[in-house]
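Working notes, beginning with the structure itself.
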There are 2 protein chains.
Amino acid sequence: MPTVSSEELAAAAGVNSAKLRKDFSYLGSYGTRGVGYDVEYLVYQISRELGLTQDWPVVIVGIGNLGAALANYGGFASRGFRVAALIDADPAMAGKPVAGIPVQHTDDLEKIIEDNGVSIGVIATPAGAAQQVCERLVAAGVTSILNFAPTVLSVPDGVDVRKVDLSIELQILAFHEQRKAGEEAASPDGAGPASATRSKSADKGPDGDVPAVMPA
Amino acid sequence: MPTVSSEELAAAAGVNSAKLRKDFSYLGSYGTRGVGYDVEYLVYQISRELGLTQDWPVVIVGIGNLGAALANYGGFASRGFRVAALIDADPAMAGKPVAGIPVQHTDDLEKIIEDNGVSIGVIATPAGAAQQVCERLVAAGVTSILNFAPTVLSVPDGVDVRKVDLSIELQILAFHEQRKAGEEAASPDGAGPASATRSKSADKGPDGDVPAVMPA
DNA sequence: ATGTCTTTGTGAACGTGTGCACAAAGATGC
DNA sequence: GCATCTTTGTGCACACGTTCACAAAGACAT
């Protein structure tokens, strides 16, 4: 029986082995003392807990560059996601295959959702259309939405929304990049609107995450 | 002078006002007691701390659907990013404009980086090409990389890499979706490879983040 | 069977981030 | 000038996640 120890896994993943064991214990995963974890059972158990063993039909609304990129993205299928339908508002797109799946028109959105039993929707439309699409998805029975449009969606209770901002990661990189460059020369501080320049060093935690609030 | 109180900002952002004030104090931002924060100065100060006042030239390597979507993404410009160049390995793409910017061939990668003083690179290539592109970017002087390819990149010390996995957010939604559905009926537990079924409830924190390790 | 050796599972310590609560600071009115 | 009122800045306590350290469990050799 192929096994693996928490120490090996921890080294491979770059995390602490105790944390890993504790996580596994929360999952109810029991290893064998002196041996380790049964690889096959462990994989199955984690997969099930994460929902990888289920088939999740999803629809992608808005088949622009991003929607097409998502439709072609290989990582979905291997994680249990199945692109049940592609939907776009442009009549010229209708019927055209993207990633081997014919694009359908927005008019049929509700029927598509219901026929396929879809509970997860992906919005890749322009910002202006996102809220309306969201409402139609929710009304048709979708309870989880992944939003790539640069808008905050408002949804009723019981519906989960996760917003993906493609520029936020770039923002974080730039933040660190600025820190790297700022080590030798202190902040240049050009012509800001401030009357006085404040000091106080502004050091944050070593992780360097961005603050909770940032301007649009 | 238009001002805003921490209480107003906190309500708008949905966070605690004390946390917000503490964050601002770390930034060296002084408000006026009894009044609040000078909006204009606050915006400027946060923008500068986050690096929004700087011009960050970036290159995007791999102009497929995703690369094109990124090139067209409006959120970059407003956050101080400027797409300095688009690079692709396909000679047929060379010269073709995407988002108004002509695509250049990979052969000229090093020259493009150096000429534009680029320190941030975006990789949107297939997984197979990512590591090689990464190495060329780093060798040419790039010190921050945003990786959309489904591969782990290895880089020398001093280079930051952030990996964006487009399916991880979907994964998290599915995880919550599974929890929603699992409330009424306990886990179905089909034909797993396990000999015995373990219990122990497996409750995680209320935030419901995914564990540190997951199978590929 | 007994001892040794490996690795798990977990109690306890530690560090970090969040929220409360209040003194201090400044504005405003009289 | 003094009192009052608002809002900041921050000490303190609490909660949560991470890491350490070790007893218990089991495998394996003799």
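If you're wondering about the labels, chains in the structure tokens are A, B, ... by order shown, residues count from 1 in each chain, ligands from 1 in order shown.
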Counting only C-alpha atoms (C1' of nucleotides), which residues of chain D sit at most 10 Å from some atom of stretch 14-21 of chain C, and what is each one's closest atom pair with its distance in Å to one decimal, listed by chain and rising residue number, as JSON lines?
{"residue": "D:DG11", "atom": "C1'", "partner": "C:DA21", "partner_atom": "C1'", "distance": 9.6}
{"residue": "D:DC12", "atom": "C1'", "partner": "C:DC20", "partner_atom": "C1'", "distance": 8.8}
{"residue": "D:DA13", "atom": "C1'", "partner": "C:DC20", "partner_atom": "C1'", "distance": 8.4}
{"residue": "D:DC14", "atom": "C1'", "partner": "C:DG19", "partner_atom": "C1'", "distance": 8.5}
{"residue": "D:DA15", "atom": "C1'", "partner": "C:DT18", "partner_atom": "C1'", "distance": 8.3}
{"residue": "D:DC16", "atom": "C1'", "partner": "C:DG17", "partner_atom": "C1'", "distance": 8.7}
{"residue": "D:DG17", "atom": "C1'", "partner": "C:DT16", "partner_atom": "C1'", "distance": 8.7}
{"residue": "D:DT18", "atom": "C1'", "partner": "C:DG15", "partner_atom": "C1'", "distance": 8.2}
{"residue": "D:DT19", "atom": "C1'", "partner": "C:DC14", "partner_atom": "C1'", "distance": 7.8}
{"residue": "D:DC20", "atom": "C1'", "partner": "C:DC14", "partner_atom": "C1'", "distance": 9.1}
Exercise. Mind listing as a list of chain:residue names which residues of chain B are within 12 Å of chain C, counting only C-alpha atoms (C1' of nucleotides)?
Worked result: B:Val15, B:Asn16, B:Ser17, B:Ala18, B:Lys19, B:Leu20, B:Arg21, B:Lys22, B:Asp23, B:Tyr30, B:Gly31, B:Thr32, B:Arg33, B:Gly34, B:Val35, B:Gly36
For this session: Would you please work out which residue, of A:Ile112, A:Leu42, A:Ala85, A:Ala130, is nearest to chain B when using only C-alpha atoms?
Result: A:Leu42
Exercise. Counting only C-alpha atoms (C1' of nucleotides), which residues of chain D come no farther than 7 Å from chain A, as an MDAnalysis selection string?
Worked result: chainID D and resid 25:27
Requested write-out: N, CA and C atoms (P, O5', C5', C4', C3', O3' and C1' of nucleotides) of the selected residues, as an mmCIF file, in the first residue's frame:
data_model
loop_
_atom_site.group_PDB
_atom_site.id
_atom_site.type_symbol
_atom_site.label_atom_id
_atom_site.label_comp_id
_atom_site.auth_asym_id
_atom_site.auth_seq_id
_atom_site.Cartn_x
_atom_site.Cartn_y
_atom_site.Cartn_z
ATOM 1 P P DA D 25 -3.052 4.705 22.919
ATOM 2 O "O5'" DA D 25 -2.649 4.401 21.406
ATOM 3 C "C5'" DA D 25 -3.014 5.324 20.393
ATOM 4 C "C4'" DA D 25 -2.465 4.860 19.060
ATOM 5 C "C3'" DA D 25 -2.570 3.348 18.849
ATOM 6 O "O3'" DA D 25 -3.077 3.122 17.548
ATOM 7 C "C1'" DA D 25 -0.327 4.056 18.576
ATOM 8 P P DG D 26 -3.836 1.785 17.206
ATOM 9 O "O5'" DG D 26 -2.791 1.022 16.289
ATOM 10 C "C5'" DG D 26 -2.460 1.591 15.053
ATOM 11 C "C4'" DG D 26 -1.029 1.295 14.744
ATOM 12 C "C3'" DG D 26 -0.712 -0.183 14.473
ATOM 13 O "O3'" DG D 26 -0.616 -0.340 13.085
ATOM 14 C "C1'" DG D 26 1.046 0.973 15.603
ATOM 15 P P DA D 27 -0.372 -1.744 12.409
ATOM 16 O "O5'" DA D 27 1.178 -1.639 12.044
ATOM 17 C "C5'" DA D 27 1.590 -0.640 11.124
ATOM 18 C "C4'" DA D 27 3.097 -0.701 10.945
ATOM 19 C "C3'" DA D 27 3.617 -2.062 10.475
ATOM 20 O "O3'" DA D 27 4.636 -1.844 9.517
ATOM 21 C "C1'" DA D 27 4.624 -1.493 12.548
#
For this session: Find the residues near stretch 145-156 of chain A: any atom within 7 Å, counting only C-alpha atoms (C1' of nucleotides), skip ones fewer than 6 places away on the same chain, and give them as a list in words.
Result: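 Listed by chain and then number, they are Ile120, Gly121, Val122, Ile123, Ala124, Thr125, Pro126, Ala127, Ala130, Gln131, Arg162, Lys163, Val164 and Asp165 of chain A; Leu170 of chain B.
Coordinates place atom CA of B:Ser47 at a distance of 20.8 Å from atom CA of B:Ala11.
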Exercise. B:Met1: which residues within 9 Å, counting only C-alpha atoms (C1' of nucleotides), same-chain residues fewer than 4 positions away excluded, as a PyMOL selection string?
Worked result: chain B and resi 38-40
For this session: Quick one: pull the distance between atom CA of A:Ala84 and atom CA of A:Gln132, Å, one decimal.
Result: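 Separation between atom CA of A:Ala84 and atom CA of A:Gln132: 20.7 Å.
Distances here use only C-alpha atoms; by that measure, the residue among B:Ala129, B:Tyr73, B:Arg136, B:Gly28 closest to B:Asp107 is B:Arg136.
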Exercise. Where does DSSP see helix (DSSP H, G or I) in stretch 28-114 of chain A, if you list the residues as a PyMOL selection string?
Worked result: chain A and resi 39-50+65-72+77-79+91-93+106-114
Output C-alpha atoms for every residue in that selection, as a tab-separated table (two decimals), in the first residue's frame.
chain	number	residue	atom	x	y	z
A	39	VAL	CA	-2.23	7.87	-0.59
A	40	GLU	CA	-5.23	6.54	-2.46
A	41	TYR	CA	-7.63	6.99	0.41
A	42	LEU	CA	-6.21	10.42	1.22
A	43	VAL	CA	-6.66	11.66	-2.33
A	44	TYR	CA	-10.20	10.33	-2.44
A	45	GLN	CA	-11.07	11.84	0.90
A	46	ILE	CA	-9.71	15.31	0.09
A	47	SER	CA	-11.33	15.22	-3.34
A	48	ARG	CA	-14.68	14.40	-1.84
A	49	GLU	CA	-14.42	17.04	0.87
A	50	LEU	CA	-13.54	19.64	-1.74
A	65	ASN	CA	-11.95	37.22	-24.93
A	66	LEU	CA	-12.22	36.37	-21.27
A	67	GLY	CA	-15.25	34.15	-21.64
A	68	ALA	CA	-13.56	32.29	-24.47
A	69	ALA	CA	-10.39	31.94	-22.40
A	70	LEU	CA	-12.41	30.47	-19.56
A	71	ALA	CA	-14.25	28.10	-21.89
A	72	ASN	CA	-10.91	26.85	-23.15
A	77	ALA	CA	-12.59	19.71	-16.30
A	78	SER	CA	-9.93	18.18	-14.06
A	79	ARG	CA	-11.60	19.73	-11.03
A	91	PRO	CA	-27.00	37.37	-31.94
A	92	ALA	CA	-24.04	37.08	-34.33
A	93	MET	CA	-22.33	34.80	-31.84
A	106	THR	CA	-29.19	35.32	-23.77
A	107	ASP	CA	-32.88	34.95	-24.53
A	108	ASP	CA	-32.67	31.27	-23.62
A	109	LEU	CA	-30.75	31.82	-20.39
A	110	GLU	CA	-33.49	30.68	-18.04
A	111	LYS	CA	-34.27	27.56	-20.04
A	112	ILE	CA	-30.60	26.62	-20.25
A	113	ILE	CA	-30.12	26.95	-16.50
A	114	GLU	CA	-33.13	24.85	-15.71
For this session: For atom CA of A:Gln171 and atom CA of B:Leu27, quote the distance in Å rounded to one decimal.
Result: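 For atom CA of A:Gln171 relative to atom CA of B:Leu27, the distance reads 17.2 Å.
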